[in-house]
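K.L.:
Have a look at this one before I ask anything.
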Amino acid sequence: MIEGAKWKKWLWFYLPMGMFILGLLFPFYWMLVTTLKPDGELYRPWNHPLYSPFWTSAPTLDHVKSLLMETLFNTWMWNTMVIALAATFISLFCGVIAGYALARLRFRWAGLLGTAIFVTYLVPQTLLFIPLADIIRDYRIGDTPWALILTYPTFLIPFCTWLMMGYFKTIPKELEECARIDGATRWQAMVYIILPIAMPGILSAGIFAFTLSWNEFIYALVFLSSPEQKTVPVGVTSELIRGDVFYWGSLMAGALLGSIPVAFIYSFFVEHYVAGMTGSVKG
Amino acid sequence: MARVLLTNLNKKYDETHAVKDVNLEIRDREFVVLVGPSGCGKTTTLRMVAGLEDITSGEIRIDEKVVNDLPPMDRDIAMVFQNYALYPHMSVYQNMAFGLKMRKFEKSEIEKRVRQAADILGIQALLERRPRQLSGGQRQRVALGRAIVRHPRVFLFDEPLSNLDAKLRVQMRVELKRLHEQLETTAIYVTHDQVEAMTLGDRVVVMKDGVVQQVGQPLELYGQPANRFVAGFIGSPAMNFVPVSISGAGDALWAEAEGLRIRVPREFSSRVQAGKRLTLGVRPEALRIANGSDAGAADYTFATAVDVVEPLGNEILLNFRAGGVPMVARVDPGVRAKMHDNLHLALDPQRLHFFDADSEAAL
């Protein structure tokens, strides 16, 4: 009986789980192994007798060194961090306040407005960057971090608003009513009661917004041009692909190092993040 | 300490008229219960007193002051919610202290009041816990504690016992009553449970469809219901209603239905005319098994066959049909009756009710 259960658990749980994890981690492994391979191994054709795509016999840090020494990678990391944090902060602030208003205040067209905000999220960036480029030129903020800090919220605010609206709706409104009877103003009730309870939701929205801005490509590509202003995704692809030469080792090193902050944030907040996705605590 | 006065109070939502012309005076230190089926406007009325709903028209005064446009925080009231509404991210102590903190009380005063309330409710040992670590009854006590630390002028209760299991509910009901005696604060209590209403209320307000049906002391509502709705709502099992037509003349008027012929008691004869259609109301406890001494009082007996017997221990409920409708009699546990037994039942002529068939008002 118990033996059978163990066997079944292996077959239906550990095995699929293992395959899933393998599939998810494989890209990271591929980045790592490509980073560490010397050029000689990297450019070996597939029919070479020593062809080994999945491991390396002579690991080297040359690609990492050239990425850090010969390119502006550190500057790109810094740019990306500043831009992502600023855009996330702006979007989170607006999203929390708008989400609260849409979820809680009874005013005309509240439902319609909520849907309208969601619809703006569906407008593709590939369509929006043309008019936005015009605006950025008019305000003379092209090729500065502001070009991204101010444009990322165009897709982050609808996203955060929508997520927060859903989260606020799961918090019983009696909590707030009770606070207001207890002597809090509407604003105090939000700050002391609703926001602390909504923290998992706010964190999830923040992590999502941060990830989206960290990885964003097209606005960064269009609105920034000088190498020292670029973000990691654009910097790596534009400076490490010269003509038709791909510096695979350094490219992969850039991708690997660039994904560390996001992975770090996810692992740090993972519990809150899951709670945020699945609803709030019961009163 | 506080008197609450509702004058011509109305609440309209887009399509529904939730509360219609409610006039009510809640006296100082009185415990008033609003009771009625769901959607009768009792909770809306309470929320208007709390300041959580706007008032469409009318006036609410707490002591002599009109509070219509006062925000909840300035009304000096406390409210206990059905789901307790404890702040999940705060400890029990912080939950109870929150209202005092918002009102900028001294730390030592907050501490003193919280301890005092915790003593009254027997939750001293729980002060450091979080709400999610508490049982339903404990949460209920914390919610009460949060209300009493503030020493408000009026307590509002919105179905505070509905989420508790039956046994705990009875226990908390008694405690609430004792608490009210102890604190001597005006209280308005909303419930859909008529037993709660009858046991807790100094006076009970029965509502239906946003209209106050009757206001009175519990036994007054039970003994002299103003209309058929109140008669049916108060008391369990509910009053039996038999549609009857009136025949005869002068002092000898008879209420007749299929298999049932009852003499109309003299006190009703001025208000009842022959040919009129009425509803006869009989409480299950106003019925008993007829015995030999009733032979002369055939005016108030009838024959029937038992449908179902419900032996409850302290009493027996007999279900049967008479006058074309199913009825219930509540009889002595000594009675030995079985299904399909033929019985003679006697009505207590002092405890008959007649209602107008159209307006449903009591005669």
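Residue names in the structure tokens use chain letters A, B, ... in the order shown, residue numbers from 1 in each chain, and ligand numbers from 1 in the order shown.
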Could you find all residues in stretch 146-361 of chain B that DSSP calls strand (DSSP E) from the backbone, and write them as an MDAnalysis selection string?

P.N.:
chainID B and resid 154:158 186:191 203:208 211:216 240:249 252:257 260:263 277:282 287:289 301:311 316:322 325:331 342:347 352:356

K.L.:
Quick check: residues of chain A within 12 Å of chain B, only C-alpha atoms, returned as a VMD selection string.

P.N.:
chain A and resid 106 108 171 to 186 188 to 189 192 to 199 280 to 283

K.L.:
If we count only C-alpha atoms and set the cut-off at 10 Å, which residues sit around B:Ile120, ignoring sequence neighbours fewer than 4 positions away in its own chain? Please answer as a list in words.

P.N.:
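Everything that qualifies: Val114, Arg115, Gln116, Gln124, Arg141, Gly145, Ile148, Leu179 and Gln182 of chain B.
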
K.L.:
Calculate how many Å separate atom CA of B:Gln138 from atom CA of B:Ala125, rounding to one decimal.

P.N.:
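Calculated distance between atom CA of B:Gln138 and atom CA of B:Ala125 is 10.9 Å.
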
K.L.:
Applying 12 Å and only C-alpha atoms, which residues near A:Ile265 remain after dropping the ones on its own chain fewer than 2 positions away? List them as a VMD selection string.

P.N.:
chain A and resid 203 to 204 206 to 211 214 259 to 263 267 to 273

K.L.:
Could you save the residues just selected, with C-alpha atoms, as a compact mmCIF listing (two decimals), in the first residue's frame?

P.N.:
# COMPACT_ATOMS: atom_id res chain seq x y z
CA LEU A 203 4.82 43.60 -3.94
CA SER A 204 3.58 41.41 -6.80
CA GLY A 206 6.08 45.95 -8.06
CA ILE A 207 8.00 42.81 -9.00
CA PHE A 208 6.07 42.50 -12.21
CA ALA A 209 6.55 46.14 -13.11
CA PHE A 210 10.25 45.93 -12.31
CA THR A 211 10.69 42.82 -14.46
CA TRP A 214 14.12 45.58 -16.81
CA SER A 259 19.11 38.26 -15.34
CA ILE A 260 20.58 38.07 -11.84
CA PRO A 261 18.83 41.09 -10.29
CA VAL A 262 15.39 39.93 -11.43
CA ALA A 263 16.03 36.37 -10.25
CA SER A 267 13.49 34.58 -4.88
CA PHE A 268 13.46 37.20 -2.15
CA PHE A 269 9.74 37.97 -2.37
CA VAL A 270 8.46 34.66 -3.68
CA GLU A 271 6.14 33.98 -0.72
CA HIS A 272 4.48 37.37 -0.87
CA TYR A 273 4.34 37.06 -4.61

K.L.:
What's around B:Leu280 at 12 Å? Count only C-alpha atoms, leave out sequence neighbours fewer than 4 positions away in its own chain, and write the answer as a ChimeraX atom specification.

P.N.:
/B:227-228,231-232,239-246,254-257,260-265,268,272,322-323,325,327,347,349,351-357,360-363

K.L.:
Excluding stretch 112-128 of chain A and residues on its chain fewer than 5 positions from it, collect all residues at most 7 Å away from it, counting only C-alpha atoms, and give them as a list in words.

P.N.:
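In the requested format, the answer is Leu102, Phe155, Pro158, Phe159 and Trp162 of chain A.
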
K.L.:
Between atom CA of A:Tyr29 and atom CA of A:Leu67, what is the spacing in Å?

P.N.:
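Atom CA of A:Tyr29 lies at a distance of 18.7 Å from atom CA of A:Leu67.
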
K.L.:
Write down as a PyMOL selection string the residues belonging to stretch 103-224 of chain A that are assigned helix (DSSP H, G or I) by DSSP computed on the backbone.

P.N.:
chain A and resi 103-104+110-122+125-138+146-149+153-169+173-182+186-197+199-215+218-223

K.L.:
Can you write just those residues out, C-alpha atoms, as a compact mmCIF listing (two decimals), in the first residue's frame?

P.N.:
# COMPACT_ATOMS: atom_id res chain seq x y z
CA ALA A 103 -12.31 49.25 -6.31
CA ARG A 104 -13.68 51.25 -3.41
CA ALA A 110 -16.18 53.45 -12.25
CA GLY A 111 -16.69 50.10 -13.97
CA LEU A 112 -16.29 51.55 -17.44
CA LEU A 113 -13.16 53.42 -16.43
CA GLY A 114 -11.65 50.22 -15.05
CA THR A 115 -12.22 48.44 -18.34
CA ALA A 116 -10.95 51.42 -20.33
CA ILE A 117 -7.69 51.39 -18.35
CA PHE A 118 -7.29 47.71 -19.05
CA VAL A 119 -7.86 48.28 -22.76
CA THR A 120 -4.97 50.77 -22.89
CA TYR A 121 -2.76 47.96 -21.62
CA LEU A 122 -3.70 45.97 -24.70
CA GLN A 125 4.08 48.90 -27.83
CA THR A 126 5.11 48.39 -31.42
CA LEU A 127 2.24 50.73 -32.30
CA LEU A 128 2.77 53.24 -29.51
CA PHE A 129 6.48 53.91 -29.94
CA ILE A 130 5.94 56.01 -33.10
CA PRO A 131 3.73 58.71 -31.52
CA LEU A 132 5.73 58.47 -28.30
CA ALA A 133 8.94 59.18 -30.21
CA ASP A 134 7.31 62.38 -31.41
CA ILE A 135 6.42 63.42 -27.88
CA ILE A 136 9.90 62.61 -26.61
CA ARG A 137 11.43 64.75 -29.30
CA ASP A 138 9.07 67.63 -28.44
CA TRP A 146 13.75 60.22 -18.66
CA ALA A 147 12.70 59.00 -22.09
CA LEU A 148 12.16 55.56 -20.53
CA ILE A 149 11.22 56.55 -16.98
CA PRO A 153 4.46 53.85 -17.01
CA THR A 154 2.26 53.98 -20.13
CA PHE A 155 2.02 50.22 -19.96
CA LEU A 156 2.95 49.70 -16.32
CA ILE A 157 0.25 51.92 -14.77
CA PRO A 158 -2.67 50.09 -16.44
CA PHE A 159 -1.13 46.82 -15.40
CA CYS A 160 -0.57 47.86 -11.78
CA THR A 161 -3.97 49.52 -11.55
CA TRP A 162 -5.73 46.42 -12.77
CA LEU A 163 -3.81 44.10 -10.48
CA MET A 164 -4.31 46.33 -7.44
CA MET A 165 -8.00 46.82 -8.21
CA GLY A 166 -8.49 43.07 -8.10
CA TYR A 167 -6.53 42.81 -4.89
CA PHE A 168 -8.36 45.62 -3.12
CA LYS A 169 -11.65 43.98 -3.99
CA LYS A 173 -14.73 46.64 3.04
CA GLU A 174 -15.87 46.34 6.66
CA LEU A 175 -12.23 46.63 7.72
CA GLU A 176 -12.11 50.10 6.31
CA GLU A 177 -15.56 51.03 7.56
CA CYS A 178 -14.58 49.88 11.00
CA ALA A 179 -11.43 51.99 10.86
CA ARG A 180 -13.46 55.03 9.86
CA ILE A 181 -15.83 54.50 12.77
CA ASP A 182 -12.79 54.00 15.00
CA ARG A 186 -10.62 57.78 4.60
CA TRP A 187 -6.96 58.50 3.90
CA GLN A 188 -5.81 57.17 7.28
CA ALA A 189 -7.92 54.05 6.87
CA MET A 190 -6.15 53.43 3.57
CA VAL A 191 -2.67 54.05 4.95
CA TYR A 192 -3.00 52.21 8.28
CA ILE A 193 -5.36 49.38 7.35
CA ILE A 194 -5.73 48.73 3.64
CA LEU A 195 -2.16 49.25 2.43
CA PRO A 196 -0.51 46.96 5.01
CA ILE A 197 -3.03 44.25 4.20
CA MET A 199 1.28 44.50 0.79
CA PRO A 200 1.46 41.11 -0.99
CA GLY A 201 -0.49 42.60 -3.89
CA ILE A 202 1.66 45.71 -3.98
CA LEU A 203 4.82 43.60 -3.94
CA SER A 204 3.58 41.41 -6.80
CA ALA A 205 2.67 44.45 -8.86
CA GLY A 206 6.08 45.95 -8.06
CA ILE A 207 8.00 42.81 -9.00
CA PHE A 208 6.07 42.50 -12.21
CA ALA A 209 6.55 46.14 -13.11
CA PHE A 210 10.25 45.93 -12.31
CA THR A 211 10.69 42.82 -14.46
CA LEU A 212 8.79 44.33 -17.37
CA SER A 213 10.89 47.50 -17.32
CA TRP A 214 14.12 45.58 -16.81
CA ASN A 215 13.49 43.47 -19.88
CA ILE A 218 11.74 48.36 -28.09
CA TYR A 219 11.36 51.73 -26.32
CA ALA A 220 14.92 51.47 -25.07
CA LEU A 221 16.12 50.71 -28.58
CA VAL A 222 14.23 53.59 -30.18
CA PHE A 223 14.55 56.32 -27.57

K.L.:
If we count only C-alpha atoms and set the cut-off at 7 Å, which residues sit around A:Val33, ignoring sequence neighbours fewer than 4 positions away in its own chain? Please answer as a count of residues only.

P.N.:
4

K.L.:
For atom CA of A:Ser66 and atom CA of A:Thr80, quote the distance in Å rounded to one decimal.

P.N.:
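For atom CA of A:Ser66 relative to atom CA of A:Thr80, the distance reads 20.0 Å.
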